[in-house]
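Below: structure.cif (mmCIF, C-alpha atoms)
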```
data_model
loop_
_atom_site.label_atom_id
_atom_site.label_comp_id
_atom_site.auth_asym_id
_atom_site.auth_seq_id
_atom_site.Cartn_x
_atom_site.Cartn_y
_atom_site.Cartn_z
CA MET W 389 0.00 0.00 0.00
CA SER W 390 1.25 3.44 -0.83
CA GLU W 391 2.23 5.71 2.01
CA LEU W 392 -0.49 8.05 3.13
CA ASN W 393 1.39 9.77 5.84
CA GLY W 394 -0.27 13.07 6.63
CA GLU W 395 3.02 14.64 7.57
CA THR W 396 5.27 13.60 4.75
CA GLY W 397 3.23 12.42 1.82
CA GLY W 398 0.84 13.94 -0.65
CA ILE W 399 -2.75 12.89 -1.26
CA ASP W 400 -2.14 9.64 -3.08
CA ARG W 401 -4.64 7.80 -5.17
CA VAL W 402 -5.85 4.63 -3.54
CA ASP W 403 -7.27 1.52 -5.15
CA CYS W 404 -10.09 -0.66 -3.88
CA ALA W 405 -7.82 -2.89 -1.79
CA GLN W 406 -6.26 0.10 -0.10
CA LEU W 407 -9.68 1.61 0.48
CA ALA W 408 -10.77 -1.60 2.19
CA ASP W 409 -7.93 -1.15 4.67
CA MET W 410 -9.20 2.24 5.76
CA ALA W 411 -12.93 1.80 5.20
CA ALA W 412 -13.79 1.00 8.81
CA GLU W 413 -11.99 4.06 10.15
CA LEU W 414 -13.66 6.20 7.50
CA ALA W 415 -17.08 4.80 8.35
CA LEU W 416 -16.56 5.48 12.05
CA GLY W 417 -15.43 9.03 11.38
CA VAL W 418 -11.97 8.57 12.86
CA LEU W 419 -9.94 8.73 9.67
CA THR W 420 -8.13 12.03 9.44
CA GLY W 421 -6.00 14.16 7.20
CA ARG W 422 -4.75 12.98 3.87
CA GLU W 423 -5.93 9.42 4.42
CA ARG W 424 -9.47 10.69 4.69
CA ALA W 425 -9.09 12.91 1.64
CA ALA W 426 -7.68 10.04 -0.41
CA ALA W 427 -10.44 7.69 0.69
CA LEU W 428 -13.18 10.17 -0.14
CA ALA W 429 -11.62 10.85 -3.53
CA HIS W 430 -11.71 7.13 -4.28
CA LEU W 431 -15.34 6.80 -3.20
CA ASP W 432 -16.33 9.52 -5.64
CA GLY W 433 -15.72 7.13 -8.50
CA CYS W 434 -16.30 3.72 -6.96
CA PRO W 435 -19.88 2.65 -6.23
CA ALA W 436 -18.78 -0.73 -4.88
CA CYS W 437 -16.49 0.76 -2.24
CA SER W 438 -19.11 3.40 -1.46
CA GLU W 439 -21.59 0.64 -0.72
CA TYR W 440 -19.05 -1.15 1.46
CA VAL W 441 -18.39 2.02 3.46
CA ARG W 442 -22.13 2.64 3.69
CA GLU W 443 -22.65 -0.80 5.23
CA LEU W 444 -19.86 -0.20 7.69
CA THR W 445 -21.36 3.18 8.53
CA VAL W 446 -24.70 1.54 9.25
CA THR W 447 -22.89 -1.00 11.40
CA GLY W 448 -21.27 1.81 13.36
CA GLU W 449 -24.63 3.51 13.83
CA GLU W 450 -26.20 0.29 15.05
CA LEU W 451 -23.29 -0.15 17.43
CA LEU W 452 -24.21 3.19 18.97
CA GLY W 453 -27.78 1.99 19.11
CA LEU W 454 -26.71 -0.70 21.58
CA LEU W 455 -25.73 1.88 24.17
CA PRO W 456 -28.08 1.75 27.14
CA PRO W 457 -30.61 4.59 27.41
CA HIS W 458 -30.34 6.82 30.42
CA GLU W 459 -33.00 9.21 31.60
CA PRO W 460 -31.78 12.81 31.89
CA PRO W 461 -32.19 14.94 35.01
CA ALA W 462 -35.65 16.17 35.97
CA GLY W 463 -36.92 19.04 33.89
CA PHE W 464 -34.89 18.16 30.81
CA GLU W 465 -37.90 18.07 28.50
CA SER W 466 -39.10 21.52 29.45
CA ARG W 467 -35.59 22.93 29.25
CA VAL W 468 -35.28 21.66 25.69
CA LEU W 469 -38.64 23.11 24.70
CA GLU W 470 -37.76 26.42 26.30
CA ARG W 471 -34.48 26.42 24.44
CA LEU W 472 -36.41 26.05 21.21
CA GLY W 473 -38.84 28.78 22.19
CA LEU W 474 -41.76 26.34 22.42
CA PRO W 475 -44.34 26.20 25.19
CA VAL W 476 -44.39 23.22 27.51
CA PRO W 477 -47.70 21.42 26.81
CA GLY W 478 -49.75 20.86 29.93
CA GLY W 479 -46.93 22.17 32.06
CA ASP W 480 -44.12 20.16 33.51
CA PRO W 481 -44.24 20.75 37.26
CA GLN W 482 -41.15 18.68 37.91
CA GLY W 483 -39.25 20.50 35.21
CA ARG W 484 -40.42 23.94 36.21
CA GLU W 485 -39.39 23.25 39.76
CA ALA W 486 -35.97 22.20 38.57
CA GLU W 487 -35.70 25.29 36.41
CA ALA W 488 -36.63 27.49 39.31
CA LYS W 489 -33.78 25.99 41.27
CA THR W 490 -31.27 26.49 38.50
CA GLY W 491 -32.61 29.81 37.32
CA GLY W 492 -32.91 28.29 33.86
CA ALA W 493 -29.19 28.70 33.47
CA ARG W 494 -28.94 26.03 30.81
CA VAL W 495 -31.72 27.44 28.68
CA LEU W 496 -31.00 29.41 25.54
CA ARG W 497 -33.82 30.50 23.27
CA LEU W 498 -33.08 30.12 19.61
CA ARG W 499 -34.65 30.90 16.30
CA ARG W 500 -33.92 28.65 13.39
CA GLY W 501 -32.20 30.42 10.54
CA GLY W 502 -33.04 33.87 11.83
CA THR W 503 -31.80 36.56 14.10
CA GLN W 504 -32.00 36.43 17.84
CA PRO W 505 -34.82 38.27 19.63
CA ALA W 506 -33.99 41.94 19.81
CA SER W 507 -35.25 42.10 23.37
CA GLY W 508 -32.48 39.81 24.45
CA ARG W 509 -29.72 41.98 23.12
CA ARG W 510 -27.72 44.51 24.95
CA GLN W 511 -25.38 47.08 23.62
CA GLY W 512 -21.80 46.01 23.42
CA ARG W 513 -19.11 48.09 24.95
CA ARG W 514 -17.62 48.64 21.52
CA LEU W 515 -19.30 49.85 18.36
CA ALA W 516 -20.21 47.37 15.67
CA SER W 517 -18.67 49.63 13.03
CA ALA W 518 -15.38 49.45 14.86
CA ARG W 519 -15.67 45.70 14.84
CA THR W 520 -16.29 45.70 11.11
CA LEU W 521 -13.23 47.80 10.55
CA ALA W 522 -11.19 45.53 12.73
CA ALA W 523 -12.49 42.53 10.82
CA ALA W 524 -11.54 44.17 7.55
CA ALA W 525 -8.10 44.80 8.94
CA ILE W 526 -7.90 41.11 9.74
CA VAL W 527 -8.63 40.31 6.11
CA GLY W 528 -5.71 42.42 5.09
CA ALA W 529 -3.50 40.63 7.54
CA VAL W 530 -4.60 37.28 6.21
CA LEU W 531 -4.11 38.21 2.60
CA ALA W 532 -0.73 39.67 3.31
CA GLY W 533 0.59 37.14 5.75
CA GLY W 534 -1.04 33.85 4.91
CA LEU W 535 -3.48 31.72 6.83
CA GLY W 536 -2.49 31.15 10.40
CA GLY W 537 -4.19 31.87 13.67
CA TRP W 538 -3.77 35.45 14.77
CA GLY W 539 -4.80 37.86 17.45
CA LEU W 540 -6.54 41.17 16.95
CA HIS W 541 -3.65 43.24 18.05
CA ALA W 542 -1.35 41.66 15.50
CA ALA W 543 -3.53 42.88 12.66
CA THR W 544 -2.54 46.31 11.52
CA SER W 545 -3.32 46.37 7.83
CA PRO W 546 -5.43 49.45 7.06
CA GLN W 547 -7.67 47.81 4.49
CA PRO W 548 -10.99 49.66 4.30
CA ALA W 549 -14.05 47.77 5.46
CA SER W 550 -15.96 48.51 2.28
CA GLN W 551 -13.48 46.52 0.26
CA TYR W 552 -14.62 43.37 1.98
CA ALA W 553 -18.25 44.13 2.65
CA GLY W 554 -20.97 42.22 0.88
CA ALA W 555 -22.32 38.72 0.66
CA MET W 556 -19.00 37.04 1.33
CA LEU W 557 -18.76 38.53 4.80
CA ARG W 558 -21.38 37.16 7.14
CA THR W 559 -21.85 38.47 10.63
CA ALA W 560 -23.73 37.20 13.64
CA THR W 561 -24.18 38.34 17.20
CA LEU W 562 -22.84 36.14 19.95
CA LEU W 563 -25.40 35.59 22.68
CA THR W 564 -24.98 34.10 26.11
CA ALA W 565 -27.41 31.63 27.67
CA GLY W 566 -29.05 34.63 29.31
CA HIS W 567 -29.69 36.26 25.92
CA ALA W 568 -27.06 38.92 26.51
CA ALA W 569 -24.99 40.06 23.55
CA ALA W 570 -21.44 38.87 23.99
CA GLY W 571 -19.72 40.06 20.86
CA GLU W 572 -19.78 39.37 17.19
CA ILE W 573 -18.58 36.77 14.74
CA PHE W 574 -17.42 37.64 11.24
CA LEU W 575 -17.21 34.86 8.71
CA HIS W 576 -15.60 35.35 5.33
CA ASP W 577 -17.18 32.72 3.11
CA ALA W 578 -14.86 32.92 0.12
CA THR W 579 -11.20 32.28 -0.57
CA PRO W 580 -9.35 32.82 1.64
CA ARG W 581 -11.81 31.56 4.22
CA TRP W 582 -11.34 33.24 7.55
CA MET W 583 -13.28 34.19 10.61
CA TYR W 584 -12.95 36.69 13.37
CA ALA W 585 -14.47 36.68 16.84
CA ASP W 586 -14.79 39.79 18.96
CA VAL W 587 -15.83 38.87 22.49
CA ASP W 588 -17.27 41.07 25.18
CA LEU W 589 -18.47 38.96 28.08
CA ASP W 590 -20.08 40.51 31.10
CA ASN W 591 -18.64 38.03 33.56
CA ALA W 592 -15.26 39.78 33.30
CA LYS W 593 -13.38 36.53 33.74
CA THR W 594 -9.97 35.75 32.36
CA THR W 595 -9.94 32.40 30.67
CA THR W 596 -9.12 30.52 27.51
CA VAL W 597 -11.99 29.91 25.14
CA LEU W 598 -12.33 27.65 22.13
CA CYS W 599 -13.98 28.95 18.98
CA GLN W 600 -16.12 26.35 17.21
CA LEU W 601 -18.10 26.36 13.99
CA GLU W 602 -21.33 24.46 13.48
CA THR W 603 -22.07 23.20 9.99
CA SER W 604 -25.18 22.01 8.19
CA ASP W 605 -24.08 18.39 8.42
CA GLY W 606 -24.45 18.56 12.17
CA LYS W 607 -20.77 18.70 12.97
CA VAL W 608 -18.99 21.05 15.32
CA THR W 609 -15.38 21.85 14.54
CA THR W 610 -12.94 23.67 16.76
CA VAL W 611 -11.10 26.22 14.65
CA GLY W 612 -8.97 27.92 17.28
CA SER W 613 -8.57 29.11 20.83
CA PHE W 614 -7.73 32.42 22.41
CA ARG W 615 -7.47 34.23 25.68
CA VAL W 616 -10.31 36.32 27.08
CA THR W 617 -9.03 38.83 29.62
CA ASP W 618 -11.48 40.47 31.98
CA GLY W 619 -14.27 39.52 29.63
CA TYR W 620 -12.62 40.95 26.53
CA GLY W 621 -10.90 39.07 23.75
CA SER W 622 -10.64 38.69 20.03
CA TRP W 623 -9.26 36.17 17.64
CA GLY W 624 -9.21 35.40 13.99
CA GLY W 625 -8.05 32.52 11.89
CA PRO W 626 -8.75 30.39 8.85
CA TRP W 627 -11.50 27.79 8.65
CA THR W 628 -12.31 24.98 6.29
CA SER W 629 -15.48 22.99 5.78
CA SER W 630 -17.21 21.31 2.89
CA ALA W 631 -20.56 22.01 4.55
CA LYS W 632 -22.36 25.30 5.06
CA VAL W 633 -21.49 27.07 8.30
CA THR W 634 -24.68 27.62 10.26
CA GLY W 635 -23.37 28.89 13.55
CA ALA W 636 -20.47 29.53 15.85
CA ARG W 637 -19.92 29.22 19.54
CA LEU W 638 -17.40 29.88 22.22
CA VAL W 639 -16.76 27.18 24.79
CA THR W 640 -14.51 26.82 27.79
CA PRO W 641 -11.85 24.11 27.82
CA GLY W 642 -14.26 22.27 30.09
CA GLY W 643 -16.87 22.23 27.36
CA THR W 644 -19.25 24.84 28.75
CA VAL W 645 -20.80 26.98 26.04
CA LEU W 646 -20.21 30.65 26.87
CA ALA W 647 -21.95 32.14 23.86
CA SER W 648 -23.28 31.09 20.50
CA ALA W 649 -24.29 32.72 17.25
CA THR W 650 -26.49 31.63 14.37
CA PHE W 651 -25.75 32.66 10.80
CA MET H 953 -52.12 8.11 21.23
CA THR H 954 -48.84 9.92 21.12
CA THR H 955 -46.88 6.71 21.55
CA GLN H 956 -48.27 5.40 18.26
CA VAL H 957 -47.22 8.38 16.19
CA PRO H 958 -44.35 7.37 13.90
CA ASP H 959 -40.93 8.80 14.68
CA GLU H 960 -40.91 10.65 11.36
CA SER H 961 -44.18 12.38 12.18
CA LEU H 962 -42.93 13.47 15.56
CA LEU H 963 -39.80 14.84 13.93
CA ALA H 964 -41.88 16.71 11.38
CA GLY H 965 -43.93 18.15 14.21
CA LEU H 966 -40.79 19.20 16.03
CA GLY H 967 -39.52 20.90 12.90
CA ALA H 968 -42.83 22.67 12.41
CA GLY H 969 -42.82 23.96 15.96
CA ASP H 970 -45.82 21.94 17.14
CA ALA H 971 -45.42 22.04 20.90
CA ASP H 972 -47.28 18.78 21.59
CA LEU H 973 -45.39 16.78 18.97
CA ALA H 974 -42.11 18.38 19.94
CA ALA H 975 -42.67 17.41 23.56
CA ALA H 976 -43.55 13.88 22.49
CA PHE H 977 -40.41 13.73 20.36
CA VAL H 978 -38.21 14.82 23.25
CA ARG H 979 -39.95 12.43 25.61
CA ARG H 980 -39.49 9.52 23.22
CA PHE H 981 -35.82 10.07 22.53
CA GLN H 982 -34.42 11.82 25.59
CA GLY H 983 -33.25 8.56 27.17
CA LEU H 984 -31.46 7.56 23.98
CA VAL H 985 -29.86 10.96 23.45
CA PHE H 986 -28.82 11.47 27.04
CA GLY H 987 -27.54 7.89 27.25
CA VAL H 988 -25.25 8.33 24.25
CA ALA H 989 -23.97 11.67 25.52
CA LEU H 990 -23.41 10.33 29.03
CA THR H 991 -21.53 7.28 27.77
CA VAL H 992 -19.14 9.36 25.70
CA LEU H 993 -18.70 12.26 28.13
CA GLY H 994 -19.03 10.52 31.49
CA ASP H 995 -20.41 13.67 33.10
CA THR H 996 -24.06 14.41 33.76
CA GLY H 997 -23.87 18.17 33.30
CA ALA H 998 -21.91 17.98 30.09
CA ALA H 999 -24.19 15.23 28.84
CA GLU H 1000 -27.26 17.40 29.40
CA ASP H 1001 -25.67 20.27 27.50
CA ILE H 1002 -24.94 17.99 24.57
CA ALA H 1003 -28.35 16.32 24.74
CA GLN H 1004 -30.05 19.72 24.60
CA LEU H 1005 -27.88 20.71 21.69
CA ALA H 1006 -28.73 17.46 19.90
CA PHE H 1007 -32.45 18.20 20.13
CA GLU H 1008 -31.79 21.71 18.91
CA ARG H 1009 -29.97 20.26 15.90
CA ALA H 1010 -32.85 17.88 15.26
CA TRP H 1011 -35.27 20.81 15.36
CA ARG H 1012 -33.05 22.91 13.12
CA TYR H 1013 -32.45 20.22 10.53
CA ALA H 1014 -35.75 18.34 10.72
CA PRO H 1015 -36.83 19.63 7.30
CA ALA H 1016 -33.72 18.08 5.76
CA PHE H 1017 -34.26 14.63 7.25
CA ASP H 1018 -34.64 11.98 4.55
CA PRO H 1019 -36.26 8.74 5.78
CA ARG H 1020 -34.87 6.88 2.76
CA ARG H 1021 -31.38 7.33 4.17
CA GLY H 1022 -32.06 5.94 7.62
CA SER H 1023 -34.19 6.02 10.71
CA VAL H 1024 -34.92 8.98 12.93
CA ARG H 1025 -33.38 7.05 15.79
CA GLY H 1026 -30.15 6.47 13.89
CA TRP H 1027 -30.03 10.04 12.66
CA LEU H 1028 -30.52 11.45 16.14
CA THR H 1029 -28.01 9.02 17.60
CA THR H 1030 -25.39 10.10 15.09
CA ILE H 1031 -26.03 13.78 15.74
CA THR H 1032 -25.65 13.25 19.48
CA HIS H 1033 -22.56 11.11 19.12
CA ASN H 1034 -20.83 13.62 16.84
CA LEU H 1035 -21.60 16.45 19.24
CA ALA H 1036 -20.37 14.49 22.23
CA VAL H 1037 -17.10 13.44 20.59
CA ASP H 1038 -16.51 16.99 19.36
CA ALA H 1039 -17.17 18.33 22.85
CA ILE H 1040 -14.80 15.99 24.56
CA ARG H 1041 -12.12 16.75 22.00
CA ALA H 1042 -12.68 20.47 22.47
CA SER H 1043 -12.32 20.08 26.22
CA LYS H 1044 -9.05 18.22 25.70
CA SER H 1045 -10.30 15.72 28.25
CA SER H 1046 -9.40 12.08 28.18
CA LEU H 1047 -11.48 10.38 25.52
CA MET H 1048 -12.06 7.32 27.61
CA GLU H 1049 -11.48 5.80 31.00
CA PRO H 1050 -10.38 2.14 30.86
CA ALA H 1051 -12.95 1.15 33.47
CA ASP H 1052 -15.68 2.86 31.48
CA LEU H 1053 -14.67 0.98 28.36
CA THR H 1054 -14.93 -2.36 30.12
CA GLU H 1055 -18.36 -1.48 31.46
CA VAL H 1056 -19.59 -0.24 28.09
CA LEU H 1057 -18.41 -3.40 26.36
CA VAL H 1058 -20.36 -5.51 28.82
CA GLU H 1059 -23.46 -3.36 28.34
CA ILE H 1060 -23.46 -3.42 24.56
CA SER H 1061 -22.61 -7.10 24.16
CA ASP H 1062 -24.90 -8.47 26.83
CA THR H 1063 -28.17 -9.84 25.51
CA PRO H 1064 -30.96 -9.80 28.06
CA GLU H 1065 -33.52 -12.54 27.54
CA ALA H 1066 -36.16 -9.99 26.64
CA GLN H 1067 -34.01 -8.70 23.80
CA ALA H 1068 -32.92 -12.06 22.45
CA ILE H 1069 -35.36 -12.15 19.57
CA ALA H 1070 -34.33 -14.36 16.71
CA GLY H 1071 -33.41 -12.32 13.67
CA ASP H 1072 -33.25 -9.05 15.58
CA ARG H 1073 -30.37 -7.00 14.23
CA ALA H 1074 -29.39 -5.65 17.63
CA SER H 1075 -29.19 -9.16 19.03
CA SER H 1076 -27.09 -10.26 16.07
CA LEU H 1077 -24.75 -7.38 16.65
CA ARG H 1078 -24.48 -8.15 20.35
CA ARG H 1079 -23.66 -11.78 19.59
CA ALA H 1080 -21.05 -10.74 17.07
CA LEU H 1081 -19.50 -8.41 19.61
CA ARG H 1082 -19.25 -11.21 22.14
CA ARG H 1083 -17.51 -13.36 19.56
CA LEU H 1084 -14.89 -10.78 18.73
CA PRO H 1085 -11.42 -11.21 20.20
CA PRO H 1086 -11.34 -8.85 23.19
CA GLU H 1087 -8.67 -6.65 21.66
CA GLN H 1088 -10.77 -6.15 18.52
CA ALA H 1089 -13.90 -5.40 20.54
CA ARG H 1090 -11.97 -2.82 22.52
CA ALA H 1091 -10.62 -1.19 19.37
CA VAL H 1092 -14.07 -1.07 17.79
CA ALA H 1093 -15.59 0.46 20.92
CA MET H 1094 -12.80 2.99 21.29
CA ALA H 1095 -13.18 4.13 17.69
CA GLY H 1096 -16.91 3.69 17.23
CA ILE H 1097 -18.14 4.93 20.59
CA TYR H 1098 -15.43 7.18 21.95
CA GLY H 1099 -14.34 8.53 18.57
CA MET H 1100 -10.69 7.66 19.08
CA THR H 1101 -8.40 7.59 16.07
CA ALA H 1102 -6.20 4.60 15.37
CA ARG H 1103 -3.23 6.60 16.59
CA GLU H 1104 -4.98 7.37 19.88
CA ILE H 1105 -5.93 3.73 20.27
CA ALA H 1106 -2.35 2.69 19.59
CA VAL H 1107 -1.17 4.96 22.39
CA ALA H 1108 -3.89 3.84 24.80
CA GLU H 1109 -3.30 0.16 24.13
CA GLU H 1110 0.47 0.50 23.78
CA ILE H 1111 0.47 -1.20 20.41
CA PRO H 1112 1.84 -0.25 16.97
CA LEU H 1113 -0.35 1.99 14.84
CA GLY H 1114 -0.72 -0.71 12.20
CA THR H 1115 -2.00 -3.13 14.81
CA ALA H 1116 -4.60 -0.64 15.98
CA LYS H 1117 -5.77 -0.11 12.41
CA THR H 1118 -5.97 -3.85 11.82
CA ARG H 1119 -8.01 -4.40 14.98
CA ILE H 1120 -10.52 -1.74 13.96
CA ARG H 1121 -10.73 -3.12 10.46
CA TYR H 1122 -11.15 -6.78 11.39
CA GLY H 1123 -13.56 -6.03 14.21
CA MET H 1124 -15.81 -3.84 12.11
CA HIS H 1125 -15.70 -6.25 9.22
CA LYS H 1126 -16.96 -9.08 11.43
CA LEU H 1127 -19.73 -6.94 12.87
CA ARG H 1128 -20.80 -5.94 9.37
CA VAL H 1129 -20.89 -9.56 8.27
CA ALA H 1130 -23.15 -10.32 11.22
CA LEU H 1131 -25.62 -7.77 9.89
CA VAL H 1132 -25.17 -8.74 6.24
CA PRO H 1133 -25.19 -12.55 6.47
CA ASP H 1134 -24.93 -13.11 2.73
CA ASP H 1135 -21.45 -11.64 2.76
CA VAL H 1136 -19.11 -14.44 3.76
CA GLY H 1137 -16.24 -12.03 4.27
CA ASP H 1138 -12.58 -12.55 3.76
CA GLU H 1139 -11.16 -12.36 7.27
#
```
Once you've parsed the file, please lay out its structure as structure tokens.
Amino acid sequence: MSELNGETGGIDRVDCAQLADMAAELALGVLTGRERAAALAHLDGCPACSEYVRELTVTGEELLGLLPPHEPPAGFESRVLERLGLPVPGGDPQGREAEAKTGGARVLRLRRGGTQPASGRRQGRRLASARTLAAAAIVGAVLAGGLGGWGLHAATSPQPASQYAGAMLRTATLLTAGHAAAGEIFLHDATPRWMYADVDLDNAKTTTVLCQLETSDGKVTTVGSFRVTDGYGSWGGPWTSSAKVTGARLVTPGGTVLASATF
Amino acid sequence: MTTQVPDESLLAGLGAGDADLAAAFVRRFQGLVFGVALTVLGDTGAAEDIAQLAFERAWRYAPAFDPRRGSVRGWLTTITHNLAVDAIRASKSSLMEPADLTEVLVEISDTPEAQAIAGDRASSLRRALRRLPPEQARAVAMAGIYGMTAREIAVAEEIPLGTAKTRIRYGMHKLRVALVPDDVGDE
């Protein structure tokens, strides 16, 4: 079998026998890098291997189906419905009691494919126009310096915002679980693909946060991490995805979602 | 009766914002979703976060669900699993505790009498799991449930990378054959 080393080799072509070697890992979603790219390229033109991978994928899904069910904590149902902005039919006394105890801290109202409720927003401590300018400056830094992770303060290119405005630059407001505005996300959806997060959290904590993108295939991908100091922070970097980006979120290293945005 | 409404109808109701059907959908699948998240994450709070997010994804993408490509249960399970694995990777936590793996393997390969229905695919899969060499079953569970790459499995098991890949491959192949009996396989 040809070498498919992600560190030293290129994306080789693979034949059916080689695909069979990596099919299980591909089906389980644990094949990475160039091996994955080579496997997917092969599947594009090989119905037989595609069917084999499909069967293995089904096997993997049925394996997950063997996991024992486990009832969630009391009030879960009503918290989910609240999160979706739906009423709780007939009430859920147990759930409401649980929510009262937690203050509904885990609940975040969302609107599919739209903007967040205006009533839940608060004014950021910085102007949106300034953010747009900063984002444009980031574009200049990317174009001039290549695609690597970067911090706001490293970006000094004076590219005008208007040069990059338009359909390719998507923006969304970051909202906390309590519906408070927590910054903005800028997503450049053309080559070079980049994103920029400007964070303004009220909790004034100093911590590291991970920036993740949600895509239409249901996946969440971590694209970078950065430091938030006293509630403030910003970061930009490249992103890649074959699927449409539908949202972004900031999470702590412990996995807690600090804020999310829907594009 | 709500319990007789097909899964696809409940999902359509969820997507349409019907409160009654959405509640029924959550009620029907919350044990499944939370169970998958809890198995992968091993933490109740984190599992609830992921379970909530999984239902949000189901609501968001309900209009795109295609029943010809699989069941609602499988679709929702995959969404939850992907979210849970992504979350644990993002947290840079350990992907798996050895004791948890042992327990999970017992749970997924055990066949209670009530579930031992002849011809049932889940029972066939459980039997096939029991027949796997332990090292292959572990590799399959580490990759398929905990989302570990072959390299991560090699490190965890202290084996060469090629051995880890082979264990995943052979194990999955045998499980697939158990579900597709006409395929005699080549291993």
From (-19.5, 34.5, 12.2), in the file's coordinates, out to 9 Å: which residues are reached, counting only C-alpha atoms? Answer as a PDB file with C-alpha atoms, in the coordinates of the input.
```
ATOM      1  CA  LEU W 557     -18.760  38.530   4.800  1.00  0.00           C
ATOM      2  CA  ARG W 558     -21.380  37.160   7.140  1.00  0.00           C
ATOM      3  CA  THR W 559     -21.850  38.470  10.630  1.00  0.00           C
ATOM      4  CA  ALA W 560     -23.730  37.200  13.640  1.00  0.00           C
ATOM      5  CA  THR W 561     -24.180  38.340  17.200  1.00  0.00           C
ATOM      6  CA  LEU W 562     -22.840  36.140  19.950  1.00  0.00           C
ATOM      7  CA  GLU W 572     -19.780  39.370  17.190  1.00  0.00           C
ATOM      8  CA  ILE W 573     -18.580  36.770  14.740  1.00  0.00           C
ATOM      9  CA  PHE W 574     -17.420  37.640  11.240  1.00  0.00           C
ATOM     10  CA  LEU W 575     -17.210  34.860   8.710  1.00  0.00           C
ATOM     11  CA  HIS W 576     -15.600  35.350   5.330  1.00  0.00           C
ATOM     12  CA  MET W 583     -13.280  34.190  10.610  1.00  0.00           C
ATOM     13  CA  TYR W 584     -12.950  36.690  13.370  1.00  0.00           C
ATOM     14  CA  ALA W 585     -14.470  36.680  16.840  1.00  0.00           C
ATOM     15  CA  LEU W 601     -18.100  26.360  13.990  1.00  0.00           C
ATOM     16  CA  VAL W 633     -21.490  27.070   8.300  1.00  0.00           C
ATOM     17  CA  THR W 634     -24.680  27.620  10.260  1.00  0.00           C
ATOM     18  CA  GLY W 635     -23.370  28.890  13.550  1.00  0.00           C
ATOM     19  CA  ALA W 636     -20.470  29.530  15.850  1.00  0.00           C
ATOM     20  CA  ALA W 649     -24.290  32.720  17.250  1.00  0.00           C
ATOM     21  CA  THR W 650     -26.490  31.630  14.370  1.00  0.00           C
ATOM     22  CA  PHE W 651     -25.750  32.660  10.800  1.00  0.00           C
TER      23      PHE W 651
END
```
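CA of Leu1005 in chain H is positioned 20.4 Å from CA of Asp1018 in chain H.
With CA of Asp1038 in chain H on one side and CA of Asp618 in chain W on the other, the separation reads 27.1 Å.
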May I have the residues of chain H within 6 Å of chain W, counting only C-alpha atoms, written as a list in words?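 Here is what falls inside 6 Å: Ala971, Asp972, Gly983, Leu984, Phe986, Gly987, Gln1004, Arg1012, Ala1039, Ser1043, Ile1060, Gly1096, Thr1101, Arg1121 and Arg1128 of chain H.
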Atomic separation - CA of Ser630 in chain W relative to CA of Asp432 in chain W, Å: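 So the answer is 14.6 Å.
Contact shell of Thr1032 in chain H at 8 Å (only C-alpha atoms; same-chain neighbours under 4 positions omitted): Val985, Val988, Ala989, Ile1002, Ala1003, Ala1006, Leu1028 and Ala1036 of chain H.
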I'd like to know which of H:Ala1074, H:Val1092, H:Ile1097, H:Ala1016 is closest to Leu993 in chain H, using all atoms listed in the file.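 Among the listed residues, H:Ile1097 lies closest to Leu993 in chain H.
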Give me the result of the PyMOL selection byres ((chain W and resi 405) around 12) on this file, residue by residue, as an MDAnalysis selection string. chainID W and resid 389:390 401:404 406:411 427 430 434 436:437 440
Kindly resolve the PyMOL selection byres ((chain H and resi 957-966) around 9) on the present coordinates and return the residues as a PyMOL selection string. chain H and resi 953-956+967-978+980+1010-1011+1014-1015+1017+1019+1023-1025
Since I can't run it myself right now, could you work out what the PyMOL selection byres ((chain H and resi 1081) around 10) selects here and report it as a ChimeraX atom specification? /W:451 /H:1057-1058,1060-1062,1075-1080,1082-1086,1088-1090,1092-1093,1123-1124,1126-1127,1130
